[in-house]
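Asks: Got a file for you: final_10.tsv, TSV, C-alpha atoms and all ligand atoms.
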chain	number	residue	atom	x	y	z
A	1	MET	CA	19.14	26.67	28.64
A	2	PRO	CA	17.32	23.42	27.75
A	3	VAL	CA	15.28	23.57	24.56
A	4	ARG	CA	11.69	22.67	25.31
A	5	THR	CA	10.33	22.99	21.81
A	6	ASP	CA	9.09	19.74	20.30
A	7	PRO	CA	11.19	18.60	17.36
A	8	PRO	CA	9.59	18.87	13.90
A	9	ALA	CA	8.20	15.80	12.16
A	10	PRO	CA	10.89	13.32	11.07
A	11	ALA	CA	11.83	12.83	7.41
A	12	LEU	CA	11.81	9.08	7.82
A	13	ARG	CA	9.14	6.69	9.06
A	14	LEU	CA	8.22	3.05	9.23
A	15	ARG	CA	4.62	2.40	8.39
A	16	VAL	CA	3.57	-0.73	10.29
A	17	ASP	CA	0.29	-2.19	9.04
A	18	GLY	CA	-1.34	-3.33	12.28
A	19	ASP	CA	-4.27	-4.90	10.41
A	20	ALA	CA	-1.88	-7.02	8.32
A	21	LEU	CA	0.02	-8.01	11.47
A	22	ALA	CA	-3.21	-9.09	13.17
A	23	ALA	CA	-4.33	-10.91	10.02
A	24	ASN	CA	-0.99	-12.74	9.83
A	25	TRP	CA	-1.34	-13.85	13.46
A	26	ARG	CA	-4.86	-15.15	12.73
A	27	THR	CA	-3.55	-16.96	9.64
A	28	VAL	CA	-0.78	-18.78	11.50
A	29	ASP	CA	-3.17	-19.38	14.41
A	30	ALA	CA	-5.55	-21.12	11.99
A	31	MET	CA	-2.60	-23.08	10.56
A	32	SER	CA	-1.72	-24.11	14.13
A	33	GLY	CA	-4.97	-26.10	14.38
A	34	SER	CA	-6.04	-26.73	17.97
A	35	ALA	CA	-2.75	-25.44	19.41
A	36	ALA	CA	-2.64	-21.95	20.90
A	37	THR	CA	-0.42	-19.43	19.10
A	38	ALA	CA	2.13	-17.22	20.81
A	39	ALA	CA	4.22	-14.40	19.31
A	40	ALA	CA	7.96	-13.82	19.37
A	41	VAL	CA	8.35	-10.09	20.05
A	42	LYS	CA	12.11	-10.07	20.74
A	43	ALA	CA	14.30	-7.44	19.09
A	44	ASP	CA	11.55	-4.83	19.39
A	45	ALA	CA	9.06	-7.11	17.67
A	46	TYR	CA	11.50	-7.86	14.84
A	47	GLY	CA	12.10	-4.17	14.25
A	48	THR	CA	8.43	-3.21	13.96
A	49	GLY	CA	8.30	-1.62	17.42
A	50	ILE	CA	6.81	-3.49	20.36
A	51	ALA	CA	4.53	-0.53	21.15
A	52	ARG	CA	2.84	-0.99	17.80
A	53	ALA	CA	3.04	-4.77	17.46
A	54	MET	CA	1.82	-5.91	20.85
A	55	PRO	CA	-1.51	-4.06	20.89
A	56	ALA	CA	-2.31	-5.43	17.41
A	57	LEU	CA	-1.37	-8.97	18.47
A	58	LEU	CA	-3.36	-8.75	21.71
A	59	GLN	CA	-6.32	-7.42	19.77
A	60	ALA	CA	-6.07	-10.41	17.42
A	61	GLY	CA	-6.20	-12.77	20.41
A	62	CYS	CA	-2.56	-13.54	21.20
A	63	ARG	CA	-1.85	-14.06	24.91
A	64	ASP	CA	1.70	-15.51	25.02
A	65	PHE	CA	4.78	-13.47	24.17
A	66	TYR	CA	8.51	-14.24	23.98
A	67	VAL	CA	11.36	-11.78	24.34
A	68	ALA	CA	15.06	-12.66	24.38
A	69	HIS	CA	16.54	-10.24	26.94
A	70	TRP	CA	15.50	-9.04	30.38
A	71	SER	CA	15.98	-5.52	29.03
A	72	GLU	CA	13.02	-6.17	26.71
A	73	VAL	CA	10.60	-7.04	29.51
A	74	ALA	CA	9.61	-3.52	30.58
A	75	ASP	CA	8.34	-2.54	27.13
A	76	ALA	CA	6.55	-5.85	26.63
A	77	ALA	CA	4.94	-5.71	30.08
A	78	GLN	CA	3.81	-2.14	29.53
A	79	HIS	CA	1.92	-3.07	26.39
A	80	GLY	CA	0.66	-6.45	27.60
A	81	THR	CA	-0.47	-6.09	31.19
A	82	ASP	CA	-2.44	-9.36	31.30
A	83	ALA	CA	-0.23	-11.21	28.85
A	84	SER	CA	2.06	-14.13	29.58
A	85	ILE	CA	5.65	-13.06	28.88
A	86	SER	CA	8.71	-15.35	28.80
A	87	VAL	CA	12.39	-14.47	28.53
A	88	LEU	CA	14.16	-16.87	26.18
A	89	HIS	CA	17.72	-16.29	27.40
A	90	GLY	CA	16.83	-17.22	30.97
A	91	PRO	CA	18.43	-15.84	34.14
A	92	LEU	CA	22.16	-15.14	34.49
A	93	SER	CA	22.03	-13.62	37.96
A	94	GLU	CA	20.00	-13.40	41.17
A	95	ALA	CA	18.95	-9.95	39.99
A	96	ASP	CA	17.41	-11.48	36.86
A	97	CYS	CA	15.45	-13.94	39.05
A	98	ALA	CA	14.26	-11.18	41.39
A	99	TYR	CA	13.20	-9.11	38.38
A	100	ALA	CA	11.25	-12.06	36.96
A	101	ARG	CA	9.33	-12.48	40.21
A	102	ALA	CA	8.70	-8.75	40.59
A	103	THR	CA	7.34	-8.43	37.06
A	104	GLY	CA	5.49	-11.76	36.90
A	105	VAL	CA	7.50	-12.76	33.84
A	106	ARG	CA	8.68	-16.37	33.35
A	107	PRO	CA	12.32	-17.19	32.71
A	108	VAL	CA	13.05	-19.91	30.18
A	109	ILE	CA	15.44	-22.26	32.00
A	110	ASN	CA	18.09	-23.41	29.52
A	111	SER	CA	20.69	-25.23	31.62
A	112	ILE	CA	21.34	-27.00	34.92
A	113	ASN	CA	23.03	-23.82	36.14
A	114	GLN	CA	19.96	-21.74	35.35
A	115	ALA	CA	17.75	-24.36	37.06
A	116	ARG	CA	19.95	-24.14	40.17
A	117	LEU	CA	19.84	-20.34	40.15
A	118	TRP	CA	16.06	-20.24	39.76
A	119	GLN	CA	15.48	-22.88	42.46
A	120	SER	CA	17.95	-21.36	44.93
A	121	THR	CA	16.32	-17.95	44.67
A	122	GLY	CA	12.86	-19.37	45.40
A	123	GLY	CA	11.71	-21.18	42.26
A	124	GLY	CA	8.18	-20.71	40.95
A	125	SER	CA	6.58	-20.95	37.55
A	126	CYS	CA	9.07	-21.04	34.65
A	127	ASP	CA	9.48	-22.42	31.14
A	128	LEU	CA	12.02	-25.12	30.27
A	129	MET	CA	13.97	-25.38	27.03
A	130	VAL	CA	15.24	-28.82	26.03
A	131	ASP	CA	17.77	-29.17	23.27
A	132	THR	CA	16.71	-31.73	20.67
A	133	GLY	CA	19.65	-31.21	18.35
A	134	MET	CA	20.26	-27.56	17.62
A	135	ASN	CA	22.96	-27.23	20.29
A	136	ARG	CA	22.16	-23.64	21.02
A	137	LEU	CA	20.20	-23.24	24.26
A	138	GLY	CA	18.50	-25.89	26.37
A	139	VAL	CA	19.14	-28.77	28.75
A	140	ARG	CA	20.22	-31.97	27.07
A	141	PRO	CA	17.71	-34.86	27.04
A	142	GLU	CA	19.91	-36.88	29.43
A	143	GLU	CA	19.82	-33.99	31.92
A	144	ILE	CA	16.02	-34.15	32.25
A	145	GLY	CA	16.33	-36.53	35.22
A	146	ASN	CA	18.59	-34.14	37.13
A	147	LEU	CA	16.85	-33.21	40.38
A	148	LEU	CA	17.35	-29.51	39.78
A	149	VAL	CA	15.47	-29.85	36.49
A	150	ALA	CA	12.91	-32.34	37.75
A	151	GLY	CA	12.02	-29.98	40.61
A	152	LEU	CA	11.10	-27.08	38.33
A	153	GLU	CA	7.53	-25.84	38.11
A	154	VAL	CA	7.30	-25.90	34.33
A	155	ASP	CA	4.59	-23.95	32.58
A	156	THR	CA	5.75	-24.45	28.99
A	157	LEU	CA	8.20	-27.10	27.87
A	158	LEU	CA	10.04	-25.82	24.78
A	159	SER	CA	12.37	-26.99	22.10
A	160	HIS	CA	13.47	-25.23	18.90
A	161	LEU	CA	13.80	-26.53	15.34
A	162	ALA	CA	17.10	-25.97	13.53
A	163	CYS	CA	15.92	-26.60	9.95
A	164	ALA	CA	12.18	-25.91	9.90
A	165	ASP	CA	12.46	-23.78	6.75
A	166	GLU	CA	14.17	-26.59	4.84
A	167	GLU	CA	13.17	-30.06	3.84
A	168	SER	CA	15.42	-31.87	6.24
A	169	ALA	CA	15.35	-35.22	8.03
A	170	MET	CA	16.40	-33.26	11.09
A	171	ASN	CA	12.83	-31.95	11.54
A	172	GLU	CA	11.37	-35.39	12.15
A	173	ARG	CA	14.31	-36.35	14.39
A	174	GLN	CA	13.73	-33.28	16.55
A	175	ARG	CA	9.95	-33.82	16.62
A	176	ALA	CA	10.37	-37.44	17.72
A	177	ALA	CA	12.95	-36.49	20.35
A	178	PHE	CA	10.65	-33.80	21.75
A	179	ALA	CA	7.65	-36.14	21.82
A	180	ALA	CA	9.74	-38.68	23.73
A	181	ILE	CA	10.95	-36.12	26.29
A	182	ALA	CA	7.56	-34.51	26.97
A	183	PRO	CA	6.14	-37.37	29.12
A	184	GLN	CA	9.26	-37.29	31.30
A	185	VAL	CA	8.73	-33.70	32.49
A	186	ALA	CA	5.68	-32.40	34.31
A	187	HIS	CA	4.49	-29.37	32.36
A	188	ARG	CA	1.33	-27.48	31.49
A	189	ARG	CA	2.00	-26.99	27.76
A	190	ALA	CA	4.51	-28.20	25.17
A	191	SER	CA	5.79	-26.00	22.31
A	192	LEU	CA	8.11	-26.77	19.40
A	193	ALA	CA	7.21	-24.90	16.21
A	194	ASN	CA	8.41	-21.47	15.04
A	195	SER	CA	6.80	-19.91	11.92
A	196	ALA	CA	8.21	-22.44	9.46
A	197	GLY	CA	7.59	-25.30	11.89
A	198	ILE	CA	3.86	-24.56	11.85
A	199	ALA	CA	3.77	-25.48	8.15
A	200	LEU	CA	5.36	-28.88	8.88
A	201	GLY	CA	1.98	-30.14	10.05
A	202	ALA	CA	-0.10	-31.07	13.08
A	203	GLY	CA	2.58	-33.36	14.50
A	204	TYR	CA	4.71	-30.29	15.16
A	205	HIS	CA	2.06	-28.13	16.84
A	206	PHE	CA	1.82	-29.67	20.34
A	207	ASP	CA	-0.02	-27.19	22.66
A	208	LEU	CA	1.50	-23.86	21.64
A	209	THR	CA	3.23	-22.56	18.51
A	210	ARG	CA	5.75	-19.67	18.60
A	211	PRO	CA	5.81	-17.75	15.32
A	212	GLY	CA	7.85	-14.61	14.83
A	213	LEU	CA	8.87	-13.99	11.21
A	214	ALA	CA	5.52	-14.79	9.57
A	215	LEU	CA	3.68	-12.32	11.83
A	216	TYR	CA	5.81	-9.49	10.48
A	217	GLY	CA	5.36	-10.38	6.81
A	218	GLY	CA	8.11	-12.96	6.39
A	219	VAL	CA	7.41	-16.02	4.27
A	220	PRO	CA	9.71	-18.78	5.54
A	221	VAL	CA	8.27	-21.58	3.40
A	222	LEU	CA	6.33	-21.81	0.14
A	223	ALA	CA	3.28	-23.17	2.00
A	224	MET	CA	2.80	-19.69	3.48
A	225	ALA	CA	3.25	-17.74	0.23
A	226	GLY	CA	0.15	-15.75	-0.72
A	227	ARG	CA	-1.27	-16.08	2.80
A	228	ILE	CA	1.05	-13.70	4.65
A	229	ARG	CA	0.60	-9.95	4.18
A	230	GLN	CA	3.34	-7.32	4.11
A	231	VAL	CA	3.49	-5.48	7.44
A	232	VAL	CA	6.52	-3.21	7.20
A	233	TRP	CA	6.67	-0.25	4.79
A	234	PRO	CA	9.72	2.02	5.14
A	235	GLU	CA	9.10	5.55	3.85
A	236	ALA	CA	11.45	8.50	3.51
A	237	ALA	CA	11.21	12.12	2.41
A	238	VAL	CA	13.01	13.60	-0.60
A	239	ILE	CA	15.63	16.14	0.52
A	240	GLN	CA	16.67	17.37	-2.90
A	241	VAL	CA	15.94	16.82	-6.59
A	242	ARG	CA	18.50	17.54	-9.29
A	243	THR	CA	19.38	16.81	-12.88
A	244	VAL	CA	22.51	14.77	-13.45
A	245	SER	CA	23.92	15.51	-16.91
A	246	ALA	CA	24.95	12.75	-19.28
A	247	GLY	CA	28.46	11.59	-18.38
A	248	GLU	CA	28.31	12.71	-14.73
A	249	THR	CA	28.38	10.28	-11.82
A	250	VAL	CA	26.34	9.86	-8.63
A	251	GLY	CA	27.49	9.13	-5.07
A	252	TYR	CA	30.53	7.63	-3.32
A	253	GLY	CA	32.91	5.78	-5.55
A	254	ALA	CA	31.23	7.36	-8.59
A	255	THR	CA	29.83	3.91	-9.39
A	256	PHE	CA	26.88	5.20	-11.43
A	257	THR	CA	27.40	7.21	-14.60
A	258	ALA	CA	24.40	8.83	-16.30
A	259	ILE	CA	24.15	7.85	-19.96
A	260	ARG	CA	21.60	10.65	-20.54
A	261	ASP	CA	20.44	13.67	-18.57
A	262	THR	CA	18.70	12.08	-15.58
A	263	ARG	CA	16.32	13.46	-12.97
A	264	VAL	CA	17.47	12.25	-9.55
A	265	ALA	CA	15.99	12.50	-6.05
A	266	ILE	CA	18.06	12.26	-2.88
A	267	VAL	CA	16.05	10.36	-0.28
A	268	SER	CA	16.67	10.68	3.48
A	269	LEU	CA	17.36	7.02	4.18
A	270	GLY	CA	20.72	5.26	4.31
A	271	TYR	CA	22.64	2.32	5.66
A	272	ALA	CA	22.53	3.78	9.20
A	273	ASP	CA	18.78	3.14	8.97
A	274	GLY	CA	19.28	-0.47	7.95
A	275	TYR	CA	19.02	0.23	4.22
A	276	LEU	CA	22.35	-1.51	3.78
A	277	ARG	CA	24.92	-0.98	1.03
A	278	THR	CA	23.87	-4.24	-0.54
A	279	TRP	CA	20.98	-2.23	-2.05
A	280	SER	CA	23.42	-0.05	-4.02
A	281	GLY	CA	22.41	-0.17	-7.68
A	282	LYS	CA	19.85	-2.90	-6.84
A	283	GLY	CA	17.04	-1.50	-4.72
A	284	THR	CA	13.88	0.19	-5.93
A	285	MET	CA	11.59	2.73	-4.36
A	286	ARG	CA	8.16	3.87	-5.36
A	287	PHE	CA	6.17	7.08	-5.77
A	288	GLY	CA	2.60	6.07	-6.42
A	289	GLU	CA	2.88	3.55	-9.24
A	290	ALA	CA	6.23	4.81	-10.50
A	291	VAL	CA	9.28	2.62	-9.82
A	292	LEU	CA	12.44	4.51	-8.84
A	293	PRO	CA	15.70	2.52	-9.14
A	294	VAL	CA	18.53	3.19	-6.67
A	295	LEU	CA	21.48	4.89	-8.37
A	296	GLY	CA	25.03	4.25	-7.18
A	297	ARG	CA	25.99	3.53	-3.60
A	298	VAL	CA	23.75	3.91	-0.58
A	299	SER	CA	25.25	6.51	1.80
A	300	MET	CA	24.96	6.52	5.58
A	301	ASP	CA	21.92	8.82	5.63
A	302	MET	CA	20.91	9.17	1.98
A	303	THR	CA	20.15	7.23	-1.17
A	304	ALA	CA	19.85	8.54	-4.74
A	305	VAL	CA	17.02	7.29	-6.95
A	306	ASP	CA	16.20	7.77	-10.62
A	307	ILE	CA	12.88	9.68	-10.85
A	308	THR	CA	12.52	9.54	-14.63
A	309	GLY	CA	9.26	7.64	-14.03
A	310	ALA	CA	7.89	10.41	-11.79
A	311	PRO	CA	9.54	13.66	-12.89
A	312	ASP	CA	7.20	15.82	-10.78
A	313	ILE	CA	8.62	14.58	-7.48
A	314	ALA	CA	9.56	17.57	-5.33
A	315	GLU	CA	11.54	18.16	-2.17
A	316	GLY	CA	9.46	17.08	0.81
A	317	ASP	CA	7.57	14.37	-1.08
A	318	TRP	CA	7.44	10.94	0.52
A	319	ILE	CA	8.88	7.89	-1.20
A	320	SER	CA	8.07	4.30	-0.30
A	321	VAL	CA	10.88	1.71	-0.25
A	322	ASP	CA	10.14	-1.64	-1.94
A	323	TYR	CA	10.36	-3.99	1.02
A	324	ASP	CA	8.25	-7.07	0.30
A	325	LEU	CA	10.34	-9.43	2.41
A	326	PRO	CA	10.65	-12.57	0.23
A	327	GLU	CA	11.38	-10.45	-2.85
A	328	ALA	CA	13.68	-8.06	-0.96
A	329	SER	CA	15.58	-11.05	0.41
A	330	ARG	CA	16.04	-12.51	-3.07
A	331	ILE	CA	17.38	-9.23	-4.44
A	332	SER	CA	19.54	-8.15	-1.50
A	333	GLY	CA	20.94	-11.48	-0.37
A	334	LEU	CA	19.91	-10.62	3.19
A	335	THR	CA	17.61	-12.95	5.09
A	336	GLN	CA	14.05	-11.82	5.80
A	337	TYR	CA	15.03	-11.78	9.50
A	338	GLU	CA	17.95	-9.42	8.80
A	339	LEU	CA	15.78	-7.17	6.63
A	340	LEU	CA	13.39	-6.68	9.55
A	341	THR	CA	15.73	-6.47	12.50
A	342	SER	CA	18.36	-4.23	10.90
A	343	LEU	CA	15.84	-1.40	10.47
A	344	GLY	CA	17.31	1.50	12.43
A	345	HIS	CA	15.85	3.46	15.30
A	346	ARG	CA	15.53	6.64	13.21
A	347	LEU	CA	12.81	4.79	11.28
A	348	ARG	CA	11.04	3.51	14.34
A	349	ASP	CA	11.03	6.43	16.78
B	1	LIG	C1	12.90	-16.33	17.59
B	1	LIG	C2	12.32	-17.59	18.08
B	1	LIG	C3	11.08	-18.05	17.61
B	1	LIG	C4	10.37	-17.42	16.42
B	1	LIG	O1	11.00	-17.90	15.25
B	1	LIG	P1	10.55	-17.47	13.76
B	1	LIG	O2	11.45	-18.27	12.89
B	1	LIG	O3	10.82	-16.01	13.66
B	1	LIG	O4	9.12	-17.81	13.61
B	1	LIG	C5	10.52	-19.16	18.23
B	1	LIG	N1	11.17	-19.81	19.23
B	1	LIG	C6	12.38	-19.42	19.68
B	1	LIG	C7	13.04	-20.18	20.76
B	1	LIG	C8	13.00	-18.31	19.12
B	1	LIG	O5	14.22	-17.94	19.54
What's the structure tokens form of this structure?
Ligand SMILES: *Cc1c(COP(=O)(O)O)cnc(C)c1O
Replies:
Amino acid sequence: MPVRTDPPAPALRLRVDGDALAANWRTVDAMSGSAATAAAVKADAYGTGIARAMPALLQAGCRDFYVAHWSEVADAAQHGTDASISVLHGPLSEADCAYARATGVRPVINSINQARLWQSTGGGSCDLMVDTGMNRLGVRPEEIGNLLVAGLEVDTLLSHLACADEESAMNERQRAAFAAIAPQVAHRRASLANSAGIALGAGYHFDLTRPGLALYGGVPVLAMAGRIRQVVWPEAAVIQVRTVSAGETVGYGATFTAIRDTRVAIVSLGYADGYLRTWSGKGTMRFGEAVLPVLGRVSMDMTAVDITGAPDIAEGDWISVDYDLPEASRISGLTQYELLTSLGHRLRD
């Protein structure tokens, strides 16, 4: 017989600060000058959950959204009925094209083949990606004159920067290439800059900027430090507290040995939740003001922390994981993008 009882509250949650998300969008929008500011919401809004992120972004004033896959459209469309939504990967099949038309979503055309597919199934408004040096997606500059490309009804002409978060001569090369291509293609808007690209200055803004990382609390370049607020706060419940006697070890591989009797909490968060093994012996969590260092290896569903600083912690108490992205990236060796998008579904649901 099917069980109809609602499950109890989870022992794991991701607090997403919608006010900080909205504030970050307004900050990068102000940095974008007279250009409009879109939002990349691919990968479930960088792991924050599109259902939470999109309403906050719409409320802040964002009207243009980018997802990567067609499978991401339904969620985005549900939370942004009047929004403009584009699919970065473009169409691979007639079914993709039909779906775009049925949902009113624009494909980003990335190749001659995609241009042919879109045109042969009826054409209509689309975006066009030109490759200015990254050699990932996009038609090459010399393909712009191709009739299949020239015949497209382009809403937004796009290119993407390969090195925006570094001081690289490549940025100016890509900017100049994009500026030279733009007059050759009829389009409504031109768009080049991701989060880091916005900080490169007005010459990179064109008509529309496309931040992702910075909206979710990532700081891609020093120019944004102190202006971007933390959005993502992983929290997990304590399953058990125990005392580990001096000389005993904790966890797989017995990599931590207590040098004195130590109060330890087992927290219900592990590498299956995106709290990867790189945090073993390195991460910290927090209970109020008290800092709780990770002891030994992170398990699949659990992590041990030293609660000497907060000895009153009890089973069922909630612990906050230190997850300030620039700092967490420095300590873990993971990129800020990986820290966001590896967060598991048990945290988000
Ligand atoms: C993901 C993505 C963005 C957003 O990049 P961030 O570095 O996260 O700001 C912008 N444009 C394209 C084409 C992307 O794929």
Asks: Residues at most 10 Å from ligand LIG 1 (chain B), using only C-alpha atoms and all ligand atoms? Could they come as a PyMOL selection string?
Replies: chain A and resi 38-43+45-46+66-68+87-89+108+129+136-138+158-165+191-198+209-216+218-220+336-337
Asks: May I ask which of the residues A:Ala225, A:Leu343, A:Val73, A:Val305 is the closest one to A:Glu327, counting all atoms listed in the file?
Replies: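 Ranked by minimum distance to A:Glu327, first place goes to A:Ala225.
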Asks: Which polymer residues have any atom within 10 Å of an atom of A:Ala150, counting all atoms listed in the file, with same-chain residues fewer than 4 positions away left out, as number ranges by chain?
Replies: A: 115, 143-146, 154, 184-186
Asks: For atom CA of A:Leu269 and atom CA of A:Gly253, determine how far apart the two atoms are, in Å to one decimal place.
Replies: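 Separation of atom CA of A:Leu269 and atom CA of A:Gly253: 18.4 Å.
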Asks: For atom CA of A:Thr262 and atom CA of A:Ala237, determine how far apart the two atoms are, in Å to one decimal place.
Replies: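 Distance reported for this atom pair: 19.5 Å.
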Asks: Fewer than 5 positions away in the same chain doesn't count, so skip those; otherwise give me all residues within 8 Å of A:Gly283, counting only C-alpha atoms, as JSON, numbers by chain.
Replies: {"A": [293, 294, 322, 331, 332]}
Asks: Please return as an mmCIF file with C-alpha atoms, keeping the file's coordinate frame every residue within 8 Å of (20.5, -14.8, 31.5), taking into account only C-alpha atoms and the file's own coordinates.
Replies:
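Okay, this is what ended up in part14.cif:
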data_model
loop_
_atom_site.group_PDB
_atom_site.id
_atom_site.type_symbol
_atom_site.label_atom_id
_atom_site.label_comp_id
_atom_site.auth_asym_id
_atom_site.auth_seq_id
_atom_site.Cartn_x
_atom_site.Cartn_y
_atom_site.Cartn_z
ATOM 1 C CA HIS A 69 16.540 -10.240 26.940
ATOM 2 C CA TRP A 70 15.500 -9.040 30.380
ATOM 3 C CA HIS A 89 17.720 -16.290 27.400
ATOM 4 C CA GLY A 90 16.830 -17.220 30.970
ATOM 5 C CA PRO A 91 18.430 -15.840 34.140
ATOM 6 C CA LEU A 92 22.160 -15.140 34.490
ATOM 7 C CA SER A 93 22.030 -13.620 37.960
ATOM 8 C CA ASP A 96 17.410 -11.480 36.860
ATOM 9 C CA GLN A 114 19.960 -21.740 35.350
#
Asks: Report the distance between atom CA of A:Leu340 and atom CA of A:Thr48 in Å, rounded to one decimal place.
Replies: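 Going from atom CA of A:Leu340 over to atom CA of A:Thr48, I get 7.5 Å.
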Asks: The residues within 12 Å of (12.2, -39.2, 22.0), using all atoms listed in the file and the coordinates of the file, should be reported as a list of chain:residue names; which are they?
Replies: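 I get A:Val130, A:Asp131, A:Thr132, A:Gly133, A:Arg140, A:Pro141, A:Glu142, A:Glu172, A:Arg173, A:Gln174, A:Arg175, A:Ala176, A:Ala177, A:Phe178, A:Ala179, A:Ala180, A:Ile181, A:Ala182, A:Pro183, A:Gln184 for the residues within 12 Å of that point.
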Asks: Rank A:Pro8, A:Gly151, A:Pro55, A:Gly316 by their smallest atom-to-atom distance to A:Gln240, using all atoms listed in the file, and report the top residue only.
Replies: A:Gly316
Asks: Determine, counting all atoms listed in the file, which protein, DNA and RNA residues have an atom within 9 Å of an atom of A:Asp301; residues of the same chain fewer than 4 positions away are not included. Present the result as an NGL selection string.
Replies: :A and (267-273)
Asks: Which residues come within 12 Å of A:Ala9, counting all atoms listed in the file, excluding same-chain residues fewer than 2 positions away, as a PDB file with C-alpha atoms, keeping the file's coordinate frame?
Replies:
ATOM      1  CA  ASP A   6       9.090  19.740  20.300  1.00  0.00           C
ATOM      2  CA  PRO A   7      11.190  18.600  17.360  1.00  0.00           C
ATOM      3  CA  ALA A  11      11.830  12.830   7.410  1.00  0.00           C
ATOM      4  CA  LEU A  12      11.810   9.080   7.820  1.00  0.00           C
ATOM      5  CA  ARG A  13       9.140   6.690   9.060  1.00  0.00           C
ATOM      6  CA  ALA A 236      11.450   8.500   3.510  1.00  0.00           C
ATOM      7  CA  ALA A 237      11.210  12.120   2.410  1.00  0.00           C
ATOM      8  CA  GLY A 316       9.460  17.080   0.810  1.00  0.00           C
ATOM      9  CA  ARG A 346      15.530   6.640  13.210  1.00  0.00           C
ATOM     10  CA  LEU A 347      12.810   4.790  11.280  1.00  0.00           C
ATOM     11  CA  ASP A 349      11.030   6.430  16.780  1.00  0.00           C
TER      12      ASP A 349
END
Asks: Using all atoms listed in the file, find each residue of stretch 154-263 of chain A with at least one atom at most 9 Å away from an atom of stretch 307-313 of chain A; report its shortest atom-to-atom pair and that distance in Å (one decimal), sort the rows by chain and rising residue number, and return the result as a Markdown table.
Replies:
| residue | atom | partner | partner_atom | distance |
| --- | --- | --- | --- | --- |
| A:Val238 | CA | A:Ile313 | CA | 8.2 |
| A:Val241 | CA | A:Ile313 | CA | 7.7 |
| A:Thr262 | CA | A:Thr308 | CA | 6.7 |
| A:Arg263 | CA | A:Ile307 | CA | 5.5 |
Asks: Tell me, as a VMD selection string, which residues lie within 9 Å of A:Met31, counting all atoms listed in the file; anything in the same chain fewer than 6 positions away does not count.
Replies: chain A and resid 198 to 199 201 to 202
